[in-house]
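Participant: This is coords-v5.txt, which holds compact mmCIF, C-alpha atoms:
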# COMPACT_ATOMS: atom_id res chain seq x y z
CA MET E 1 124.77 101.83 185.13
CA ALA E 2 127.46 99.42 184.09
CA ILE E 3 129.83 100.22 181.29
CA GLN E 4 129.06 98.20 178.22
CA VAL E 5 130.98 97.34 175.13
CA PRO E 6 130.07 99.69 172.28
CA GLY E 7 127.82 98.20 169.68
CA LYS E 8 124.25 97.24 169.14
CA ARG E 9 122.17 96.87 172.27
CA PHE E 10 118.70 95.48 171.88
CA GLY E 11 115.78 95.78 174.26
CA LYS E 12 114.76 93.11 176.73
CA ARG E 13 112.29 91.58 174.40
CA LEU E 14 114.70 91.44 171.48
CA GLN E 15 117.52 90.07 173.61
CA ARG E 16 115.71 86.75 173.65
CA SER E 17 115.24 86.84 169.94
CA ARG E 18 117.11 84.25 167.96
CA VAL E 19 117.84 86.74 165.25
CA PHE E 20 118.80 89.84 167.20
CA GLY E 21 119.60 88.53 170.66
CA LYS E 22 122.88 86.80 169.88
CA GLY E 23 121.39 83.35 169.80
CA GLY E 24 119.33 83.54 172.93
CA VAL E 25 119.09 80.06 174.32
CA GLY E 26 121.34 78.11 172.03
CA GLY E 27 124.78 78.71 170.70
CA LYS E 28 125.88 81.09 168.03
CA ARG E 29 124.13 80.77 164.72
CA PRO E 30 125.75 81.62 161.44
CA VAL E 31 125.30 85.24 160.48
CA ASN E 32 125.22 84.63 156.74
CA ALA E 33 121.81 83.92 155.24
CA ASP E 34 121.30 82.78 151.70
CA LEU E 35 118.93 84.81 149.58
CA LEU E 36 116.46 82.65 147.70
CA ILE E 37 117.02 83.55 144.08
CA THR E 38 114.49 81.16 142.51
CA PRO E 39 111.25 82.99 143.42
CA LEU E 40 112.91 86.28 142.54
CA VAL E 41 113.81 85.03 139.07
CA ASP E 42 110.34 83.51 138.67
CA MET E 43 108.75 86.82 139.52
CA PHE E 44 111.02 88.70 137.10
CA VAL E 45 110.20 86.29 134.29
CA ILE E 46 106.45 86.66 134.87
CA ILE E 47 106.67 90.46 134.98
CA VAL E 48 108.75 90.57 131.80
CA LEU E 49 106.32 88.28 129.97
CA PHE E 50 103.34 90.33 131.12
CA LEU E 51 104.94 93.60 130.04
CA ILE E 52 106.03 92.22 126.66
CA ALA E 53 102.49 90.92 126.05
CA ASN E 54 101.11 94.39 126.74
CA PHE E 55 103.83 96.19 124.82
CA SER E 56 102.55 98.55 122.17
CA ALA E 57 104.96 99.39 119.38
CA THR E 58 102.69 102.22 118.24
CA GLY E 59 103.28 104.19 121.38
CA GLU E 60 101.10 106.94 122.75
CA VAL E 61 99.26 108.22 119.67
CA LEU E 62 96.63 110.28 121.44
CA MET E 63 97.20 112.77 124.19
CA MET E 64 94.75 111.74 126.87
CA SER E 65 92.99 114.54 128.64
CA LYS E 66 90.69 114.56 131.64
CA GLN E 67 88.27 116.72 129.71
CA ILE E 68 87.78 114.07 127.06
CA ARG E 69 86.29 110.74 128.13
CA LEU E 70 86.38 108.45 125.14
CA PRO E 71 83.48 106.09 124.44
CA GLU E 72 84.11 102.36 124.51
CA ALA E 73 83.97 100.00 121.55
CA VAL E 74 84.81 96.38 120.92
CA ASN E 75 85.23 95.99 117.16
CA VAL E 76 88.12 98.40 116.80
CA ARG E 77 91.25 98.57 114.71
CA GLU E 78 94.69 99.63 115.85
CA ILE E 79 95.05 103.38 115.99
CA GLU E 80 97.56 105.07 113.72
CA MET E 81 99.69 108.18 113.92
CA VAL E 82 97.62 110.68 111.94
CA PRO E 83 96.35 114.19 112.72
CA VAL E 84 93.98 114.32 115.68
CA VAL E 85 91.02 116.63 116.13
CA MET E 86 90.14 116.83 119.82
CA VAL E 87 86.58 117.73 120.74
CA SER E 88 85.82 118.24 124.42
CA ASN E 89 82.65 119.60 125.95
CA GLU E 90 84.20 123.06 125.89
CA GLN E 91 86.45 123.44 122.88
CA VAL E 92 87.78 122.00 119.63
CA LEU E 93 91.54 121.59 119.25
CA VAL E 94 93.95 120.44 116.57
CA SER E 95 97.54 119.67 117.57
CA GLY E 96 97.12 121.69 120.76
CA THR E 97 95.75 124.75 118.92
CA VAL E 98 92.31 125.87 120.03
CA ILE E 99 90.03 126.14 117.00
CA GLY E 100 86.86 127.30 118.68
CA ARG E 101 84.54 126.96 121.61
CA VAL E 102 81.82 124.32 121.46
CA ASP E 103 79.00 126.58 122.70
CA GLU E 104 79.81 129.11 119.96
CA LEU E 105 80.01 126.39 117.32
CA SER E 106 76.66 124.99 118.48
CA ARG E 107 74.97 128.31 117.86
CA GLU E 108 76.14 128.58 114.26
CA ASP E 109 73.98 126.97 111.60
CA TYR E 110 76.39 126.37 108.73
CA LEU E 111 78.41 123.18 108.52
CA ASN E 112 81.96 124.25 107.86
CA ILE E 113 84.41 125.37 110.57
CA PRO E 114 86.77 127.73 108.66
CA ALA E 115 89.55 127.81 111.28
CA LEU E 116 89.64 124.02 111.44
CA GLU E 117 89.68 123.71 107.66
CA GLU E 118 92.55 126.18 107.38
CA LYS E 119 94.57 124.35 110.00
CA LEU E 120 93.95 120.95 108.40
CA ARG E 121 94.84 122.29 104.96
CA ASP E 122 98.11 123.63 106.41
CA MET E 123 98.88 120.24 107.91
CA LYS E 124 98.09 118.48 104.65
CA LYS E 125 100.33 120.89 102.72
CA GLN E 126 103.13 120.43 105.24
CA TYR E 127 102.83 116.65 104.99
CA GLU E 128 102.95 116.69 101.21
CA GLN E 129 105.91 119.08 101.12
CA LEU E 130 107.88 116.98 103.58
CA HIS E 131 107.31 113.79 101.62
CA ALA E 132 108.08 115.55 98.33
CA LEU E 133 111.38 116.80 99.75
CA ALA E 134 112.27 113.32 100.91
CA ASN E 135 111.25 111.82 97.54
CA ASP E 136 109.06 109.42 99.48
CA GLU E 137 106.64 108.05 96.91
CA SER E 138 105.16 105.50 99.29
CA GLY E 139 104.14 108.18 101.76
CA THR E 140 101.34 109.63 99.68
CA PHE E 141 98.65 111.51 101.52
CA LYS E 142 95.86 109.12 102.47
CA GLY E 143 93.57 111.58 104.17
CA ASP E 144 93.38 109.83 107.54
CA VAL E 145 92.27 111.80 110.56
CA ASN E 146 91.39 110.76 114.10
CA ILE E 147 88.53 112.42 115.93
CA GLN E 148 89.03 112.24 119.68
CA ALA E 149 85.74 113.42 121.10
CA ASP E 150 84.14 113.31 124.52
CA ARG E 151 81.27 110.85 124.85
CA ASP E 152 78.78 113.57 125.79
CA VAL E 153 79.43 115.81 122.79
CA HIS E 154 76.37 116.11 120.57
CA PHE E 155 76.41 114.98 116.99
CA LYS E 156 75.87 118.55 115.84
CA ILE E 157 79.51 119.34 116.64
CA ILE E 158 80.80 115.99 115.36
CA LYS E 159 78.90 116.57 112.11
CA ARG E 160 80.58 119.92 111.60
CA VAL E 161 84.01 118.51 112.40
CA MET E 162 83.47 115.60 109.99
CA TYR E 163 82.26 117.89 107.24
CA THR E 164 85.25 120.20 107.69
CA CYS E 165 87.68 117.27 107.64
CA THR E 166 86.19 116.02 104.39
CA THR E 167 86.31 119.51 102.88
CA ALA E 168 89.99 119.82 103.83
CA GLY E 169 90.80 116.54 102.09
CA TYR E 170 90.75 114.20 105.08
CA ASN E 171 88.22 111.64 103.86
CA ASN E 172 89.19 108.67 106.04
CA ILE E 173 87.67 109.60 109.35
CA ASN E 174 88.38 107.50 112.42
CA PHE E 175 86.65 107.78 115.76
CA ALA E 176 89.07 107.16 118.62
CA THR E 177 87.61 104.85 121.26
CA MET E 178 88.72 103.00 124.33
CA THR E 179 89.04 99.31 123.60
CA ALA E 180 86.49 97.42 125.66
CA ALA E 181 86.60 93.71 126.33
CA SER E 182 84.10 91.72 124.32
CA THR E 183 81.26 90.46 126.50
CA ARG E 184 80.67 87.50 124.23
CA GLY E 185 84.26 86.37 124.32
CA GLU E 186 84.67 86.85 120.60
CA GLN E 187 87.77 88.18 118.95
CA ALA E 188 87.16 91.56 117.47
CA PRO E 189 87.40 91.28 113.68
CA GLY E 190 89.78 94.13 113.11
CA LYS E 191 91.82 93.83 116.24
CA GLY E 192 95.55 93.72 115.71
CA ARG E 193 95.13 94.59 112.06
CA LEU E 194 96.85 97.59 110.58
CA MET F 195 126.89 67.84 145.17
CA ALA F 196 129.02 66.01 142.67
CA GLY F 197 127.01 63.16 141.31
CA GLY F 198 123.97 64.46 143.04
CA MET F 199 121.72 63.84 140.06
CA GLY F 200 120.80 60.29 140.93
CA GLY F 201 124.30 59.55 142.03
CA ALA F 202 125.51 58.79 138.53
CA ASP F 203 129.21 58.95 138.04
CA LEU F 204 129.77 60.20 134.55
CA SER F 205 133.36 61.22 134.89
CA GLY F 206 135.91 59.86 132.51
CA SER F 207 137.63 56.65 133.32
CA GLY F 208 141.14 57.90 132.74
CA GLY F 209 143.15 60.11 135.01
CA GLY F 210 143.19 60.34 138.72
CA LYS F 211 141.37 63.64 139.21
CA ARG F 212 137.63 63.74 139.11
CA LYS F 213 136.12 67.02 138.08
CA PRO F 214 132.76 67.92 139.57
CA LEU F 215 129.97 67.70 137.00
CA ASP F 216 127.67 70.28 138.62
CA THR F 217 128.06 73.76 137.32
CA GLN F 218 126.44 76.77 138.87
CA ILE F 219 124.78 79.24 136.54
CA ASN F 220 125.77 82.77 137.35
CA LEU F 221 122.43 84.41 137.96
CA VAL F 222 123.68 87.92 138.61
CA PRO F 223 123.86 89.07 134.93
CA PHE F 224 120.52 87.36 134.31
CA ILE F 225 118.89 89.32 137.10
CA ASP F 226 120.58 92.50 135.88
CA LEU F 227 119.17 91.92 132.41
CA MET F 228 115.73 91.25 133.83
CA ALA F 229 115.82 94.42 135.92
CA VAL F 230 116.86 96.54 132.93
CA THR F 231 114.20 94.94 130.71
CA ILE F 232 111.47 95.48 133.29
CA SER F 233 112.48 99.10 133.79
CA PHE F 234 112.46 99.71 130.02
CA LEU F 235 109.10 98.01 129.50
CA ILE F 236 107.46 99.85 132.39
CA MET F 237 108.74 103.20 131.16
CA THR F 238 107.56 102.62 127.59
CA ALA F 239 104.29 100.88 128.49
CA VAL F 240 101.05 102.35 127.16
CA TRP F 241 98.40 101.49 129.69
CA THR F 242 95.38 102.88 127.85
CA GLN F 243 94.19 100.67 125.03
CA ILE F 244 92.86 102.96 122.33
CA GLY F 245 91.35 101.82 119.06
CA ARG F 246 89.59 103.43 116.14
CA LEU F 247 86.34 102.94 114.31
CA GLN F 248 86.64 103.84 110.65
CA VAL F 249 83.64 105.60 109.19
CA SER F 250 82.99 107.50 106.03
CA ASN F 251 81.22 110.77 105.75
CA SER F 252 78.14 110.05 103.68
CA GLY F 253 78.24 111.99 100.42
CA GLY F 254 82.02 112.16 100.51
CA PRO F 255 84.42 110.83 97.89
CA SER F 256 84.51 107.33 99.36
CA ASP F 257 80.90 106.79 98.28
CA SER F 258 81.82 106.98 94.62
CA GLN F 259 84.01 103.87 95.00
CA ASP F 260 81.07 101.71 95.95
CA THR F 261 80.00 99.44 93.16
CA GLU F 262 76.41 98.72 92.41
CA ASN F 263 75.43 95.32 93.64
CA GLU F 264 72.06 93.82 92.91
CA LYS F 265 72.17 91.67 96.03
CA THR F 266 72.37 94.62 98.37
CA VAL F 267 69.98 97.43 99.19
CA PRO F 268 70.54 100.85 100.72
CA LEU F 269 70.38 100.13 104.43
CA THR F 270 69.69 103.17 106.55
CA LEU F 271 69.36 103.59 110.28
CA LEU F 272 67.82 106.80 111.50
CA ILE F 273 69.15 107.53 114.98
CA GLY F 274 66.90 109.75 117.01
CA ASP F 275 66.65 110.69 120.65
CA LYS F 276 63.74 108.36 121.31
CA ASP F 277 63.92 105.63 118.71
CA LEU F 278 65.97 103.95 116.00
CA ARG F 279 64.36 103.40 112.60
CA LEU F 280 65.88 100.85 110.26
CA THR F 281 65.08 101.01 106.56
CA ALA F 282 66.20 98.44 103.99
CA GLY F 283 65.54 99.69 100.49
CA THR F 284 61.88 100.61 100.33
CA SER F 285 60.77 98.52 103.29
CA SER F 286 61.00 99.98 106.76
CA PHE F 287 60.92 98.13 110.05
CA ASP F 288 59.13 99.02 113.26
CA PRO F 289 60.94 101.71 115.24
CA ILE F 290 63.13 100.46 118.07
CA PRO F 291 62.61 102.55 121.20
CA VAL F 292 65.80 103.81 122.84
CA VAL F 293 66.25 101.98 126.15
CA ARG F 294 69.14 102.71 128.48
CA ASP F 295 70.69 100.56 131.19
CA SER F 296 71.64 101.68 134.68
CA LYS F 297 74.89 103.21 133.39
CA GLY F 298 73.03 105.24 130.80
CA HIS F 299 74.32 103.18 127.88
CA ILE F 300 71.94 102.54 125.02
CA ASP F 301 70.62 98.98 124.79
CA LEU F 302 71.23 97.62 121.29
CA THR F 303 69.96 94.05 121.65
CA LYS F 304 66.92 94.64 119.46
CA LEU F 305 68.96 96.46 116.85
CA GLU F 306 71.40 93.54 116.73
CA MET F 307 68.52 91.12 116.14
CA ARG F 308 67.07 93.37 113.46
CA ILE F 309 70.40 93.64 111.64
CA LYS F 310 70.87 89.87 111.84
CA GLU F 311 67.43 89.46 110.32
CA VAL F 312 68.38 91.75 107.44
CA ARG F 313 71.75 90.05 107.03
CA GLY F 314 69.95 86.69 106.86
CA GLN F 315 67.97 87.93 103.87
CA LEU F 316 70.86 89.87 102.30
CA PRO F 317 74.12 88.06 103.10
CA ASP F 318 76.15 90.31 100.76
CA GLN F 319 75.07 93.47 102.55
CA VAL F 320 78.10 95.12 104.11
CA ALA F 321 77.18 98.81 104.12
CA ILE F 322 74.91 100.86 106.29
CA THR F 323 74.24 104.57 106.53
CA LEU F 324 73.58 106.08 109.93
CA GLN F 325 71.45 109.19 109.70
CA THR F 326 71.95 110.88 113.02
CA GLU F 327 70.01 113.69 114.60
CA ASP F 328 71.93 116.64 115.99
CA SER F 329 71.05 115.99 119.62
CA VAL F 330 72.32 112.41 119.70
CA PRO F 331 75.31 111.99 122.05
CA TYR F 332 78.58 110.84 120.52
CA ASP F 333 78.65 107.85 122.88
CA ASP F 334 75.40 106.50 121.41
CA LEU F 335 76.66 106.97 117.88
CA VAL F 336 79.91 105.13 118.60
CA ARG F 337 78.05 102.24 120.26
CA ILE F 338 75.74 101.90 117.27
CA ILE F 339 78.69 102.00 114.85
CA ASP F 340 80.42 99.36 116.96
CA GLN F 341 77.28 97.23 116.93
CA CYS F 342 76.94 97.54 113.14
CA ILE F 343 80.57 96.51 112.58
CA GLY F 344 80.15 93.64 115.02
CA SER F 345 77.02 92.49 113.20
CA GLY F 346 78.83 92.21 109.88
CA LEU F 347 78.32 95.66 108.38
CA PRO F 348 81.87 97.06 108.30
CA ASN F 349 81.20 99.88 105.81
CA VAL F 350 79.54 102.44 108.03
CA SER F 351 78.68 105.86 106.67
CA VAL F 352 77.57 108.65 108.93
CA ALA F 353 75.22 111.34 107.73
CA ALA F 354 73.08 114.02 109.25
CA ALA F 355 69.38 113.31 109.58
CA MET F 356 67.24 115.32 107.22
CA GLY F 357 64.66 117.70 108.54
Can you present the structure in this file as C-alpha cells?
Facilitator:
Amino acid sequence: MAIQVPGKRFGKRLQRSRVFGKGGVGGKRPVNADLLITPLVDMFVIIVLFLIANFSATGEVLMMSKQIRLPEAVNVREIEMVPVVMVSNEQVLVSGTVIGRVDELSREDYLNIPALEEKLRDMKKQYEQLHALANDESGTFKGDVNIQADRDVHFKIIKRVMYTCTTAGYNNINFATMTAASTRGEQAPGKGRL
Amino acid sequence: MAGGMGGADLSGSGGGKRKPLDTQINLVPFIDLMAVTISFLIMTAVWTQIGRLQVSNSGGPSDSQDTENEKTVPLTLLIGDKDLRLTAGTSSFDPIPVVRDSKGHIDLTKLEMRIKEVRGQLPDQVAITLQTEDSVPYDDLVRIIDQCIGSGLPNVSVAAAMG
C-alpha cells in the first residue's frame, strides 16, 4: 500500500463527490459557504411571535396530576392564584396535604369534612394575618377557592367539598376546567377577563 | 453593490470620494436576542390552558345579595342520572332524557333549546339553580354549567337534589 499524505481520505464513492472529493471533475471550488440567514431569522421571528401569543402571565396556578383529569369547558374565565382543593378518584388534598380518602368520605352521610374545614380556616387566618402585617387594605379576603376535581368524581364528594368550603368562609367557588375550543366559533364571554 | 437599488446615485456632488450607500445590518446580536427570547419563552410557557367556572353554593351568603326582580322566576334544573328536569317558577317542562355520544359526553342540545325558549320569554333571567343528584359525575355537572353560562345564564348556583 502506497504511503499517503496524512489527512482526510474518503471512500471511492465519495472521492467523486463535488463536496468531499476535492472537486472531482472540475477544478477547486471555494471552501467557504455562506449560511443563509434570512430563513433562520424568519423562523426565529415566527417562533417568538407564537410563544408570545401563548404566553401566560399568570403562570402555572394548578399542579397538574395524572390522577386528576379535568373536564372541559368553553365559557371559562381566567384562573386565579387562590387556594386549591384537589379531588381525585382516591383522595382529597389541600396544598399537598391529604385530607381524606374518597371511599371513606363517600360512606359518611353528613355534609361537612372537618379536616378540610380546619385546613381552610388555617389558610384563611394565615392570609388575613399576612395582609394585616403588611397593612394591605386592598388585599381583603374574598373567599375564592378553586376545586380541581377529576371528571369521574361523583357529586356526592363535590357537594361535601363545596359545603365545607362555604362553612370555612370560602364562598366564591370556582371549578377548574380545561379550556376547550368553541365548536361554534364564538368567543367565550368571560375569556381573558379577570 | 453600491447603487444597486435601481442604480440611483445619491451620493453628494462635492468631494472626490464616493461612499457606498449600502449598509449591512449586523444580524448576530439580533439572532442572539431571538435565541435568548425563545429560550425564555419556552421555559416559562404554560402549555395547559386552564380556566374556571364560577358557581355559588345554593343557600350560601351569595344568595342574599340577589335582588328580587319581577321579570325573573326561580329557574331550576334537576340533574339526574337518567333525565334533566327544567322548572321555571311553577311551570315545569318535559324531562330531557340523558343521551351520551360515543365519547360518553352528555348531549345538551335539547337543554340548550329549552333554555333559549325560557330566555325568549324571560330576557332578564340570568340565574339558574342546578339541583344535582349524588351519583351524577362531575364531568356532566361541569358541562351543564358551561352550557348554562353559554346560553346566557351566568349566575349558576349548585345545590344538592332533595330526596
Participant: Any idea which chain F residues end up within 8 Å of chain E if we count only C-alpha atoms, as a PyMOL selection string please?
Facilitator: chain F and resi 225+228-229+231-232+235-236+238-240+242-251+254-256+326-333+336-337+340+343-344+353-354
Participant: Mind checking which residues fall within 12 Å of E:Glu118, counting all atoms listed in the file, ignoring those fewer than 2 positions away in the same chain, and posting them as a PyMOL selection string?
Facilitator: chain E and resi 94+99+112-116+120-125+164-165+167-169
Participant: What does the structure give for the distance between atom CA of F:Asn349 and atom CA of F:Ala321, in Å to one decimal?
Facilitator: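 Answer for the atom CA of F:Asn349 to atom CA of F:Ala321 separation: 4.5 Å.
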Participant: In Å to one decimal, how far is atom CA of F:Leu271 from atom CA of F:Thr284?
Facilitator: 12.8 Å
Participant: Can you pull out every residue within 10 Å of stretch 291-303 of chain F, counting all atoms listed in the file, but drop anything in the same chain fewer than 6 positions away, and send it as a compact mmCIF listing (two decimals) with C-alpha atoms, keeping the file's coordinate frame?
Facilitator:
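Generated file (out21.txt):
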# COMPACT_ATOMS: atom_id res chain seq x y z
CA ILE F 273 69.15 107.53 114.98
CA GLY F 274 66.90 109.75 117.01
CA ASP F 275 66.65 110.69 120.65
CA LYS F 276 63.74 108.36 121.31
CA ASP F 277 63.92 105.63 118.71
CA LEU F 278 65.97 103.95 116.00
CA ARG F 279 64.36 103.40 112.60
CA ASP F 333 78.65 107.85 122.88
CA ASP F 334 75.40 106.50 121.41
CA LEU F 335 76.66 106.97 117.88
CA ARG F 337 78.05 102.24 120.26
CA ILE F 338 75.74 101.90 117.27
CA GLN F 341 77.28 97.23 116.93
CA CYS F 342 76.94 97.54 113.14
Participant: Neighbouring residues of F:Ile309 were defined as those with any atom within 10 Å, considering all atoms listed in the file; residues of the same chain fewer than 3 positions away were excluded. Please report them as number ranges by chain.
Facilitator: F: 269, 280, 282, 304-306, 312-315, 341-342, 345-347
Participant: Atom CA of F:Pro268 to atom CA of F:Pro289: how many Å, to one decimal?
Facilitator: 17.4 Å
